[in-house]
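K.L.:
For reference, this is target-v8.cif, and it has mmCIF, C-alpha atoms.
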```cif
data_protein
loop_
_atom_site.label_atom_id
_atom_site.label_comp_id
_atom_site.auth_asym_id
_atom_site.auth_seq_id
_atom_site.Cartn_x
_atom_site.Cartn_y
_atom_site.Cartn_z
CA MET A 502 -56.34 44.03 82.55
CA SER A 503 -53.17 46.07 82.52
CA GLU A 504 -49.94 44.17 82.87
CA ARG A 505 -48.10 44.62 86.14
CA ARG A 506 -44.58 45.78 85.65
CA ARG A 507 -41.89 43.48 86.86
CA ARG A 508 -39.36 44.98 89.20
CA ASP A 509 -36.39 45.86 87.03
CA PRO A 510 -33.12 44.19 88.01
CA PRO A 511 -30.53 46.51 89.54
CA LYS A 512 -28.24 48.33 87.14
CA LEU A 513 -24.73 46.97 87.29
CA ASN A 514 -21.48 48.79 86.69
CA ASN A 515 -18.50 47.27 84.90
CA ASP A 516 -17.55 45.33 88.03
CA GLY A 517 -20.99 43.75 88.32
CA VAL A 518 -21.87 45.86 91.36
CA ALA A 519 -25.49 46.96 91.73
CA GLN A 520 -25.78 50.73 91.74
CA ARG A 521 -28.05 51.94 94.53
CA ARG A 522 -29.25 55.43 95.08
CA PRO A 523 -27.51 57.13 98.04
CA GLY A 524 -29.36 56.93 101.31
CA SER A 525 -31.51 53.96 100.31
CA GLY A 526 -31.28 52.67 103.86
CA ARG A 527 -30.37 49.16 102.74
CA GLY A 528 -27.23 49.17 104.82
CA PRO A 529 -24.05 51.04 105.61
CA ALA A 530 -22.48 52.91 102.73
CA SER A 531 -19.53 50.52 102.97
CA TRP A 532 -21.66 47.55 101.90
CA ARG A 533 -22.03 46.39 98.31
CA TYR A 534 -24.61 44.05 96.86
CA GLU A 535 -23.25 42.08 93.93
CA ALA A 536 -24.50 39.76 91.21
CA CYS A 537 -22.18 36.88 90.41
CA ASN A 538 -22.98 33.97 88.08
CA ASP A 539 -26.70 34.07 88.90
CA LEU A 540 -25.91 33.93 92.62
CA LYS A 541 -25.90 36.83 95.04
CA LYS A 542 -23.41 37.73 97.69
CA VAL A 543 -22.85 40.49 100.20
CA THR A 544 -19.40 41.95 100.56
CA SER A 545 -18.47 43.91 103.64
CA ALA A 546 -16.00 46.76 103.59
CA PRO A 547 -12.37 45.76 104.16
CA ARG A 548 -11.48 45.64 107.81
CA ILE A 549 -8.66 47.74 109.17
CA GLY A 550 -5.40 46.04 108.36
CA SER A 551 -7.01 43.82 105.74
CA ARG A 552 -6.37 44.06 102.01
CA VAL A 553 -9.65 42.51 100.91
CA GLY A 554 -13.25 42.47 102.08
CA LEU A 555 -14.86 39.46 103.70
CA THR A 556 -17.15 37.75 101.19
CA ILE A 557 -20.06 35.53 102.18
CA LEU A 558 -21.10 33.30 99.30
CA THR A 559 -24.78 32.61 99.02
CA VAL A 560 -26.58 29.44 99.94
CA GLU A 561 -28.90 28.90 97.01
CA MET A 562 -32.54 29.48 97.91
CA LYS A 563 -35.25 28.01 95.76
CA ARG A 564 -37.23 30.71 93.99
CA LYS A 565 -40.96 30.48 94.54
CA SER A 566 -43.65 32.06 92.44
CA SER A 567 -46.26 34.29 94.05
CA GLN A 568 -48.78 31.46 93.62
CA GLN A 569 -46.49 29.05 95.48
CA ILE A 570 -45.98 31.56 98.28
CA LEU A 571 -49.72 32.09 98.67
CA SER A 572 -50.22 28.33 98.73
CA ASP A 573 -47.66 28.03 101.55
CA LEU A 574 -49.43 30.76 103.53
CA GLU A 575 -52.95 29.38 103.07
CA ALA A 576 -54.78 28.08 106.13
CA GLU A 577 -58.26 26.77 106.93
CA ASP A 578 -60.79 28.51 109.13
CA ASP A 579 -61.05 26.84 112.54
CA GLN A 580 -63.84 29.13 113.83
CA LEU A 581 -61.59 30.64 116.51
CA VAL A 582 -60.84 34.35 116.74
CA LYS A 583 -58.84 35.68 113.78
CA ARG A 584 -57.07 38.89 112.83
CA ARG A 585 -58.33 40.71 109.74
CA ILE A 586 -55.49 41.93 107.54
CA GLY A 587 -54.96 44.02 104.42
CA ILE A 588 -53.21 42.59 101.38
CA TRP A 589 -50.03 44.48 102.30
CA THR A 590 -49.59 42.11 105.25
CA LEU A 591 -49.13 39.21 102.83
CA GLU A 592 -45.70 40.49 101.77
CA LYS A 593 -44.50 40.62 105.37
CA LEU A 594 -45.74 37.06 105.96
CA ALA A 595 -44.10 35.89 102.73
CA ILE A 596 -40.79 37.43 103.82
CA LEU A 597 -41.07 35.67 107.18
CA ASP A 598 -41.92 32.30 105.65
CA LEU A 599 -38.93 32.45 103.30
CA TYR A 600 -36.55 33.69 105.98
CA PHE A 601 -37.68 31.15 108.59
CA HIS A 602 -36.73 28.30 106.26
CA ALA A 603 -33.31 29.83 105.59
CA PHE A 604 -32.73 30.64 109.29
CA THR A 605 -33.56 27.16 110.58
CA THR A 606 -31.59 25.52 107.79
CA ALA A 607 -28.52 27.62 108.59
CA SER A 608 -29.03 26.96 112.33
CA ALA A 609 -29.54 23.20 112.00
CA LYS A 610 -26.22 22.30 113.65
CA ALA A 611 -27.15 24.58 116.57
CA GLY A 612 -30.51 22.85 117.03
CA GLY A 613 -32.61 25.08 114.77
CA GLY A 614 -32.49 28.29 116.76
CA VAL A 615 -35.24 30.08 118.68
CA CYS A 616 -37.99 32.34 117.35
CA VAL A 617 -39.46 35.01 119.63
CA ASP A 618 -42.61 36.70 118.33
CA GLY A 619 -43.18 39.65 120.62
CA LEU A 620 -46.65 40.72 119.43
CA ALA A 621 -47.87 37.37 118.24
CA GLY A 622 -51.62 37.77 117.73
CA PRO A 623 -54.02 34.81 117.35
CA GLY A 624 -52.02 32.91 114.70
CA LEU A 625 -54.65 32.99 111.94
CA CYS A 626 -55.58 35.87 109.65
CA GLU A 627 -58.47 36.66 107.33
CA VAL A 628 -57.74 38.78 104.25
CA ARG A 629 -60.13 41.73 104.06
CA GLY A 630 -62.09 41.85 100.83
CA ALA A 631 -60.87 38.44 99.63
CA ARG A 632 -62.75 37.33 96.51
CA VAL A 633 -60.82 34.13 95.80
CA PRO A 634 -58.64 31.83 97.93
CA PRO A 635 -56.59 32.11 99.95
CA ARG A 636 -58.97 33.90 102.27
CA PHE A 637 -57.41 32.54 105.46
CA ILE A 638 -53.67 32.88 106.08
CA TRP A 639 -51.35 31.60 108.78
CA GLY A 640 -50.16 34.37 111.08
CA SER A 641 -46.50 34.81 111.97
CA PRO A 642 -46.51 32.52 115.05
CA LEU A 643 -47.99 29.60 113.13
CA LEU A 644 -45.52 30.15 110.30
CA ALA A 645 -42.74 29.89 112.89
CA ALA A 646 -44.22 26.82 114.58
CA ARG A 647 -44.73 25.09 111.21
CA ALA A 648 -41.30 26.02 109.82
CA ALA A 649 -39.28 23.23 108.22
CA PRO A 650 -36.64 22.51 109.37
CA PRO A 651 -38.20 23.34 112.75
CA PHE A 652 -37.12 25.93 115.25
CA GLN A 653 -35.71 24.45 118.43
CA ARG A 654 -38.28 26.51 120.30
CA CYS A 655 -40.89 29.18 119.59
CA ILE A 656 -41.78 31.74 122.25
CA PHE A 657 -44.84 33.89 121.61
CA ILE A 658 -45.77 36.98 123.62
CA GLU A 659 -49.35 38.23 123.34
CA LYS A 660 -50.84 40.67 125.82
CA ASN A 661 -54.50 40.18 124.82
CA PRO A 662 -55.91 37.14 126.71
CA GLN A 663 -58.49 36.35 124.01
CA LEU A 664 -55.86 36.30 121.27
CA ALA A 665 -53.44 34.36 123.48
CA ASN A 666 -56.10 31.71 124.16
CA ALA A 667 -56.76 31.26 120.44
CA LEU A 668 -53.03 30.99 119.80
CA THR A 669 -52.69 28.41 122.57
CA ALA A 670 -55.39 26.27 120.96
CA ARG A 671 -53.77 26.53 117.52
CA THR A 672 -50.30 25.57 118.76
CA ARG A 673 -51.28 22.75 121.13
CA ALA A 674 -50.14 20.13 118.63
CA PHE A 675 -46.56 21.44 118.84
CA GLY A 676 -46.29 20.50 122.53
CA ASN A 677 -43.60 22.04 124.71
CA ARG A 678 -41.72 23.33 121.67
CA VAL A 679 -44.06 26.34 121.87
CA LEU A 680 -44.28 28.63 124.90
CA ILE A 681 -46.91 31.38 125.10
CA LYS A 682 -46.71 34.29 127.52
CA THR A 683 -49.67 36.61 128.11
CA ARG A 684 -47.57 39.65 128.93
CA ASP A 685 -46.59 43.10 127.67
CA VAL A 686 -43.76 42.77 125.14
CA ASN A 687 -42.03 45.91 126.42
CA GLU A 688 -41.56 44.28 129.81
CA GLU A 689 -41.29 40.63 128.80
CA LEU A 690 -38.98 40.63 125.76
CA PRO A 691 -35.68 41.18 127.64
CA ARG A 692 -36.68 38.57 130.25
CA VAL A 693 -37.53 36.02 127.56
CA VAL A 694 -34.21 36.49 125.76
CA ARG A 695 -32.36 36.26 129.09
CA ASP A 696 -34.22 33.37 130.73
CA GLU A 697 -35.91 31.31 127.99
CA VAL A 698 -33.47 31.39 125.06
CA PRO A 699 -30.39 29.15 125.42
CA ARG A 700 -27.32 31.36 125.39
CA GLN A 701 -25.65 29.49 122.54
CA ALA A 702 -28.81 29.29 120.41
CA PRO A 703 -29.32 31.59 117.40
CA CYS A 704 -32.30 33.83 118.16
CA PHE A 705 -34.69 35.66 115.82
CA CYS A 706 -37.06 38.27 117.30
CA LEU A 707 -40.10 39.47 115.37
CA LEU A 708 -41.71 42.69 116.59
CA ASP A 709 -44.83 43.51 114.59
CA PRO A 710 -46.83 46.23 116.37
CA GLU A 711 -50.28 47.25 115.17
CA GLY A 712 -49.56 50.86 116.07
CA LEU A 713 -46.98 52.73 118.13
CA GLU A 714 -46.98 50.54 121.23
CA LEU A 715 -43.44 49.17 120.90
CA ALA A 716 -40.81 50.85 123.11
CA TRP A 717 -37.19 51.17 122.05
CA HIS A 718 -35.93 50.31 125.54
CA ALA A 719 -37.29 46.77 125.10
CA ILE A 720 -35.19 46.29 121.97
CA ARG A 721 -32.09 47.79 123.55
CA SER A 722 -32.42 45.66 126.69
CA ALA A 723 -32.97 42.45 124.69
CA ALA A 724 -29.97 43.22 122.48
CA PHE A 725 -27.66 43.59 125.48
CA VAL A 726 -28.66 40.53 127.48
CA THR A 727 -25.38 39.40 129.02
CA GLY A 728 -23.81 36.03 128.40
CA ARG A 729 -25.14 35.45 124.89
CA ARG A 730 -22.79 34.32 122.16
CA ARG A 731 -24.49 36.63 119.64
CA LYS A 732 -27.11 39.32 119.88
CA PRO A 733 -30.58 38.26 118.74
CA GLU A 734 -31.63 39.20 115.24
CA PHE A 735 -34.58 41.58 114.89
CA LEU A 736 -37.21 42.13 112.24
CA VAL A 737 -39.29 45.13 113.27
CA LEU A 738 -42.29 46.67 111.57
CA PHE A 739 -41.65 50.40 111.72
CA PRO A 740 -45.02 52.19 111.44
CA SER A 741 -43.83 55.10 109.29
CA SER A 742 -47.33 56.01 108.10
CA TRP A 743 -48.69 56.00 111.66
CA LEU A 744 -45.89 58.29 112.75
CA MET A 745 -46.65 60.78 109.97
CA ARG A 746 -50.33 60.88 110.93
CA LEU A 747 -49.43 61.56 114.55
CA LEU A 748 -47.45 64.70 113.74
CA PRO A 749 -49.58 67.61 112.43
CA ARG A 750 -48.25 69.89 109.72
CA LYS A 751 -49.47 72.89 111.68
CA GLY A 752 -50.00 73.66 115.33
CA ILE A 753 -48.54 71.96 118.38
CA VAL A 754 -47.93 68.26 118.84
CA ASN A 755 -50.14 66.67 121.46
CA PRO A 756 -47.91 66.14 124.57
CA ARG A 757 -49.18 62.57 124.84
CA HIS A 758 -48.03 61.91 121.28
CA THR A 759 -44.62 63.39 122.09
CA THR A 760 -44.28 60.91 124.95
CA ILE A 761 -45.25 58.03 122.66
CA LEU A 762 -42.68 59.02 120.04
CA ASP A 763 -39.93 59.53 122.62
CA ARG A 764 -40.62 55.96 123.76
CA LEU A 765 -40.78 54.59 120.21
CA MET A 766 -37.68 56.20 118.69
CA PRO A 767 -34.05 55.40 119.56
CA GLU A 768 -33.17 59.04 120.21
CA PRO A 769 -34.85 62.48 120.16
CA GLY A 770 -33.58 63.44 116.70
CA TRP A 771 -37.10 62.90 115.35
CA ARG A 772 -37.98 66.32 116.79
CA ASP A 773 -35.44 68.02 114.52
CA VAL A 774 -36.86 66.20 111.50
CA TYR A 775 -40.36 67.25 112.46
CA GLU A 776 -39.33 70.91 112.75
CA LEU A 777 -37.77 70.75 109.28
CA ARG A 778 -40.96 69.32 107.88
CA ARG A 779 -43.23 71.77 109.72
CA SER A 780 -41.18 74.71 108.43
CA ARG A 781 -41.41 73.22 104.90
CA ARG A 782 -37.66 72.87 104.54
CA ILE A 783 -38.17 69.20 103.69
CA SER A 784 -41.13 67.43 102.11
CA PRO A 785 -43.34 64.92 103.94
CA SER A 786 -41.75 62.05 101.99
CA GLU A 787 -38.27 63.27 102.95
CA ALA A 788 -39.35 63.48 106.58
CA LYS A 789 -40.67 59.92 106.45
CA ASP A 790 -37.38 58.69 104.98
CA ARG A 791 -35.45 60.44 107.74
CA TYR A 792 -37.60 58.89 110.48
CA VAL A 793 -36.92 55.45 109.00
CA GLU A 794 -33.21 56.22 108.79
CA LEU A 795 -33.11 57.34 112.43
CA TYR A 796 -34.68 54.04 113.45
CA ARG A 797 -32.24 52.04 111.33
CA GLN A 798 -29.31 53.98 112.75
CA GLY A 799 -30.57 53.15 116.23
CA PHE A 800 -29.82 49.49 115.51
CA GLN A 801 -26.42 50.39 114.12
CA ALA A 802 -25.66 52.18 117.39
CA LEU A 803 -26.39 48.87 119.16
CA GLY A 804 -23.74 47.14 117.05
CA TYR A 805 -25.97 45.73 114.30
CA ARG A 806 -25.97 45.81 110.53
CA ALA A 807 -29.41 47.13 109.73
CA PHE A 808 -31.45 47.29 106.53
CA SER A 809 -34.85 48.71 105.66
CA HIS A 810 -37.47 47.47 103.22
CA PRO A 811 -40.65 49.37 102.26
CA VAL A 812 -43.84 47.31 102.06
CA GLN A 813 -46.18 48.73 99.44
CA ALA A 814 -49.68 47.83 98.30
CA PRO A 815 -52.53 49.49 96.38
CA ARG A 816 -55.58 50.81 98.19
CA ILE A 817 -57.76 49.17 95.55
CA PRO A 818 -57.01 46.26 93.18
CA GLY A 819 -54.93 47.49 90.27
CA GLY A 820 -54.33 50.87 91.92
CA LYS A 821 -51.09 52.68 92.62
CA ARG A 822 -48.82 50.93 95.10
CA LEU A 823 -48.30 53.08 98.21
CA GLU A 824 -45.97 52.58 101.14
CA ARG A 825 -47.74 51.05 104.13
CA TYR A 826 -44.81 50.62 106.49
CA GLN A 827 -41.12 49.77 106.63
CA LEU A 828 -39.51 46.55 107.79
CA ILE A 829 -36.20 47.01 109.60
CA PHE A 830 -33.93 43.98 109.80
CA ALA A 831 -30.97 43.98 112.17
CA THR A 832 -28.29 41.32 112.51
CA GLU A 833 -24.64 41.00 113.43
CA HIS A 834 -24.33 37.81 111.40
CA GLU A 835 -23.09 38.17 107.82
CA ALA A 836 -25.02 35.13 106.59
CA GLY A 837 -28.24 36.54 108.05
CA ALA A 838 -27.64 39.83 106.25
CA LYS A 839 -27.10 38.08 102.95
CA ILE A 840 -30.18 35.90 103.25
CA MET A 841 -32.54 38.71 104.26
CA LEU A 842 -31.24 41.03 101.54
CA ASP A 843 -32.02 38.29 99.03
CA VAL A 844 -35.53 37.88 100.46
CA PHE A 845 -36.10 41.65 100.46
CA GLU A 846 -35.06 41.90 96.81
CA ARG A 847 -37.61 39.42 95.52
CA PRO A 848 -40.66 40.78 93.68
CA TYR A 849 -43.92 40.01 95.47
CA VAL A 850 -47.28 40.14 93.65
CA LEU A 851 -49.63 38.76 96.28
CA ASP A 852 -52.90 40.64 95.82
CA LEU A 853 -54.60 37.67 94.11
CA PRO A 854 -57.12 37.12 96.96
CA VAL A 855 -58.50 40.65 96.47
CA SER A 856 -57.89 41.25 92.75
CA GLY A 857 -58.92 37.76 91.67
CA GLN A 858 -56.21 37.89 88.99
CA ALA A 859 -52.92 36.04 89.06
CA PRO A 860 -49.81 37.95 87.89
CA LEU A 861 -49.03 37.54 84.20
CA PHE A 862 -45.27 37.74 84.65
CA GLU A 863 -42.85 37.11 87.50
#
```
Rewrite the structure from the file as structure tokens, please.

P.N.:
Amino acid sequence: MSERRRRDPPKLNNDGVAQRRPGSGRGPASWRYEACNDLKKVTSAPRIGSRVGLTILTVEMKRKSSQQILSDLEAEDDQLVKRRIGIWTLEKLAILDLYFHAFTTASAKAGGGVCVDGLAGPGLCEVRGARVPPRFIWGSPLLAARAAPPFQRCIFIEKNPQLANALTARTRAFGNRVLIKTRDVNEELPRVVRDEVPRQAPCFCLLDPEGLELAWHAIRSAAFVTGRRRKPEFLVLFPSSWLMRLLPRKGIVNPRHTTILDRLMPEPGWRDVYELRRSRRISPSEAKDRYVELYRQGFQALGYRAFSHPVQAPRIPGGKRLERYQLIFATEHEAGAKIMLDVFERPYVLDLPVSGQAPLFE
């Protein structure tokens, strides 16, 4: 078996600042990510009239091995409807599990905060092609409901009645701390943030579409609910690969697809990117990067700090890791930015269920 390469640590300059390639999409150009005495911190650019930047020191987070993460995600089959997932979904679930713990810990004095999962699913997943445990994995809503310290409340939106019924059965033990709504996320999300989330409570919104069904207006409306102390945080799965498949290299875009993309994207600049790609002035990979950047900038236009993270996985065990989608995280809270950047930077080797081989090095 060939050894998997560990992700190399970032190269540091003489000041200990990690050198990132321009346009990496990890945040505004004014942000720096620093290493300091084995801890990490995020430093914002100096504010106008200020001589120094505002530094947020890290809260130490216990490092977990890939085996420990998989153990935390493992569930048992309860014979109810499940969602079949590829191994690339495990990284997203690992990121959520780690961030939920940090979020509720940081929000403890505010009651634990509220989690809104806008496309919740049934709450239990089965890994396609699993040869060894874990074969069954908790879905995002059950990770939220089981988080320790606990969320003050978890609100799950799932349009499919069959999936919503399975989720209801799986969360019954959590009582009235869990609320499930069988509605369309594009209509329900702003109402939930306005009517169900206490205005002083920290709020984390997960939006994990299976395709291109998520509309930008739902995000914008939820972000600008009046009377809230802070905007809700967002973690959004941006389906970059789906978007590329929808836009042909030659010919005319299907008008129905144009409507879908106008609804998905923050602004119509995606059309300019597509024309550049179709005329071969930029490569497909450059076009994909620009679509991701447009989406990230959409959150910045709403007043957020926004960061992107590519989720990659091989098509076959031991194969080349390919990008499956991008996660976009948006927050206006400096501590949230620091924590999620730390979670994004961790190396994840989670294909054990399919490969049958644990990583040699981490």

K.L.:
Work out how far apart atom CA of Phe845 of chain A and atom CA of Leu591 of chain A are and give it in Å to one decimal.

P.N.:
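Atom CA of Leu591 of chain A lies 13.5 Å from atom CA of Phe845 of chain A.
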
K.L.:
Between A:Leu713, A:Ile720, A:Leu690, A:Val774, which residue has the minimum interatomic distance to Leu747 of chain A, considering all atoms listed in the file?

P.N.:
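Answer, going by the shortest atom-to-atom distance: A:Leu713.
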
K.L.:
I need the residue nearest Gly820 of chain A from this list: A:Ser784, A:Ser856, A:Thr760, A:Thr727. Use only C-alpha atoms for the distance.

P.N.:
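So, comparing all the options, the nearest one is A:Ser856.
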
K.L.:
With a distance cut-off of 8 Å and only C-alpha atoms, select the neighbouring residues of segment 576-583 of chain A, excluding the residue or stretch itself and same-chain residues fewer than 5 positions from it, and output the selection as a PyMOL selection string.

P.N.:
chain A and resi 623-627+635+637-639+663-664+667

K.L.:
Find the residue from A:Glu824, A:Asp852, A:Glu659, A:Glu794 that sits nearest to Arg632 of chain A; use only C-alpha atoms when measuring.

P.N.:
A:Asp852

K.L.:
Quick one: apply the PyMOL selection byres ((chain A and resi 700) around 7) to the file and drop the selected residues here as number ranges by chain.

P.N.:
A: 698-699, 701-702, 728-730

K.L.:
Go through A:Gly619, A:Gln798, A:Pro710, A:Asn666 and flag the residue nearest Val694 of chain A, using only C-alpha atoms for the distances.

P.N.:
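Checking each candidate against Val694 of chain A, we get A:Gly619 as the closest.
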
K.L.:
Separation of atom CA of Lys839 of chain A and atom CA of Pro733 of chain A, in Å?

P.N.:
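Going from atom CA of Lys839 of chain A over to atom CA of Pro733 of chain A, I get 16.2 Å.
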
K.L.:
Compile a residue-level contact table for segment 805-843 of chain A against segment 606-614 of chain A at a cut-off of 12 Å, reporting for every qualifying residue the shortest atom pair and its distance in Å to one decimal, with all atoms listed in the file counted, rows ordered by chain and ascending number, as a Markdown table.

P.N.:
```
| residue | atom | partner | partner_atom | distance |
| --- | --- | --- | --- | --- |
| A:His834 | CA | A:Ala607 | CA | 11.4 |
| A:Glu835 | CA | A:Ala607 | CA | 11.9 |
| A:Ala836 | CA | A:Ala607 | CA | 8.5 |
| A:Gly837 | CA | A:Ala607 | CA | 8.9 |
| A:Lys839 | CA | A:Ala607 | CA | 12.0 |
| A:Ile840 | CA | A:Ala607 | CA | 10.0 |
```

K.L.:
Could you tell me how far atom CA of Lys682 of chain A lies from atom CA of Ile658 of chain A, in Å and to one decimal?

P.N.:
4.8 Å

K.L.:
Rank A:Ala831, A:Val812, A:Ala631, A:Leu668 by their smallest atom-to-atom distance to Tyr796 of chain A, using only C-alpha atoms, and report the top residue only.

P.N.:
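Among the listed residues, A:Ala831 lies closest to Tyr796 of chain A.
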
K.L.:
Name the residues in contact with Ala645 of chain A at a cut-off of 9 Å, using all atoms listed in the file, excluding same-chain residues fewer than 2 positions from it; report them as an mmCIF file with C-alpha atoms, in the frame of the given file.

P.N.:
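Final output, saved to around-v7.cif:
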```
data_model
loop_
_atom_site.group_PDB
_atom_site.id
_atom_site.type_symbol
_atom_site.label_atom_id
_atom_site.label_comp_id
_atom_site.auth_asym_id
_atom_site.auth_seq_id
_atom_site.Cartn_x
_atom_site.Cartn_y
_atom_site.Cartn_z
ATOM 1 C CA LEU A 597 -41.070 35.670 107.180
ATOM 2 C CA ASP A 598 -41.920 32.300 105.650
ATOM 3 C CA PHE A 601 -37.680 31.150 108.590
ATOM 4 C CA CYS A 616 -37.990 32.340 117.350
ATOM 5 C CA ASP A 618 -42.610 36.700 118.330
ATOM 6 C CA GLY A 640 -50.160 34.370 111.080
ATOM 7 C CA SER A 641 -46.500 34.810 111.970
ATOM 8 C CA PRO A 642 -46.510 32.520 115.050
ATOM 9 C CA LEU A 643 -47.990 29.600 113.130
ATOM 10 C CA ARG A 647 -44.730 25.090 111.210
ATOM 11 C CA ALA A 648 -41.300 26.020 109.820
ATOM 12 C CA ALA A 649 -39.280 23.230 108.220
ATOM 13 C CA PRO A 651 -38.200 23.340 112.750
ATOM 14 C CA PHE A 652 -37.120 25.930 115.250
ATOM 15 C CA CYS A 655 -40.890 29.180 119.590
#
```

K.L.:
When distances are computed from only C-alpha atoms, which of A:Arg636, A:Arg692, A:Tyr600, A:Leu620 shows the smallest separation from Pro854 of chain A?

P.N.:
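Ranked by minimum distance to Pro854 of chain A, first place goes to A:Arg636.
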
K.L.:
Please rebuild segment 711-733 of chain A with N, CA and C atoms and give the result as a tab-separated table (two decimals), keeping the file's coordinate frame.

P.N.:
```
chain	number	residue	atom	x	y	z
A	711	GLU	N	-49.15	46.77	115.96
A	711	GLU	CA	-50.28	47.25	115.17
A	711	GLU	C	-50.30	48.77	115.10
A	712	GLY	N	-49.61	49.40	116.03
A	712	GLY	CA	-49.56	50.86	116.07
A	712	GLY	C	-48.20	51.32	116.56
A	713	LEU	N	-48.21	52.14	117.61
A	713	LEU	CA	-46.98	52.73	118.13
A	713	LEU	C	-46.68	52.25	119.55
A	714	GLU	N	-47.10	51.02	119.86
A	714	GLU	CA	-46.98	50.54	121.23
A	714	GLU	C	-45.61	50.00	121.60
A	715	LEU	N	-44.75	49.76	120.62
A	715	LEU	CA	-43.44	49.17	120.90
A	715	LEU	C	-42.48	50.24	121.43
A	716	ALA	N	-41.77	49.92	122.50
A	716	ALA	CA	-40.81	50.85	123.11
A	716	ALA	C	-39.39	50.45	122.75
A	717	TRP	N	-38.58	51.45	122.44
A	717	TRP	CA	-37.19	51.17	122.05
A	717	TRP	C	-36.40	50.53	123.19
A	718	HIS	N	-36.71	50.86	124.42
A	718	HIS	CA	-35.93	50.31	125.54
A	718	HIS	C	-36.04	48.80	125.60
A	719	ALA	N	-37.15	48.23	125.12
A	719	ALA	CA	-37.29	46.77	125.10
A	719	ALA	C	-36.30	46.15	124.12
A	720	ILE	N	-36.15	46.78	122.96
A	720	ILE	CA	-35.19	46.29	121.97
A	720	ILE	C	-33.77	46.41	122.49
A	721	ARG	N	-33.45	47.56	123.04
A	721	ARG	CA	-32.09	47.79	123.55
A	721	ARG	C	-31.75	46.79	124.66
A	722	SER	N	-32.68	46.58	125.57
A	722	SER	CA	-32.42	45.66	126.69
A	722	SER	C	-32.26	44.22	126.20
A	723	ALA	N	-33.08	43.81	125.23
A	723	ALA	CA	-32.97	42.45	124.69
A	723	ALA	C	-31.66	42.26	123.93
A	724	ALA	N	-31.21	43.32	123.25
A	724	ALA	CA	-29.97	43.22	122.48
A	724	ALA	C	-28.76	43.05	123.39
A	725	PHE	N	-28.83	43.60	124.59
A	725	PHE	CA	-27.66	43.59	125.48
A	725	PHE	C	-27.80	42.62	126.65
A	726	VAL	N	-28.62	41.58	126.47
A	726	VAL	CA	-28.66	40.53	127.48
A	726	VAL	C	-27.26	39.92	127.61
A	727	THR	N	-26.76	39.86	128.81
A	727	THR	CA	-25.38	39.40	129.02
A	727	THR	C	-25.27	37.88	128.87
A	728	GLY	N	-24.10	37.45	128.46
A	728	GLY	CA	-23.81	36.03	128.40
A	728	GLY	C	-24.15	35.35	127.09
A	729	ARG	N	-24.79	36.07	126.16
A	729	ARG	CA	-25.14	35.45	124.89
A	729	ARG	C	-23.95	35.46	123.94
A	730	ARG	N	-23.86	34.40	123.14
A	730	ARG	CA	-22.79	34.32	122.16
A	730	ARG	C	-22.95	35.40	121.09
A	731	ARG	N	-24.18	35.58	120.62
A	731	ARG	CA	-24.49	36.63	119.64
A	731	ARG	C	-25.76	37.35	120.06
A	732	LYS	N	-25.87	38.59	119.65
A	732	LYS	CA	-27.11	39.32	119.88
A	732	LYS	C	-28.24	38.67	119.08
A	733	PRO	N	-29.47	38.76	119.55
A	733	PRO	CA	-30.58	38.26	118.74
A	733	PRO	C	-30.77	39.10	117.49
```
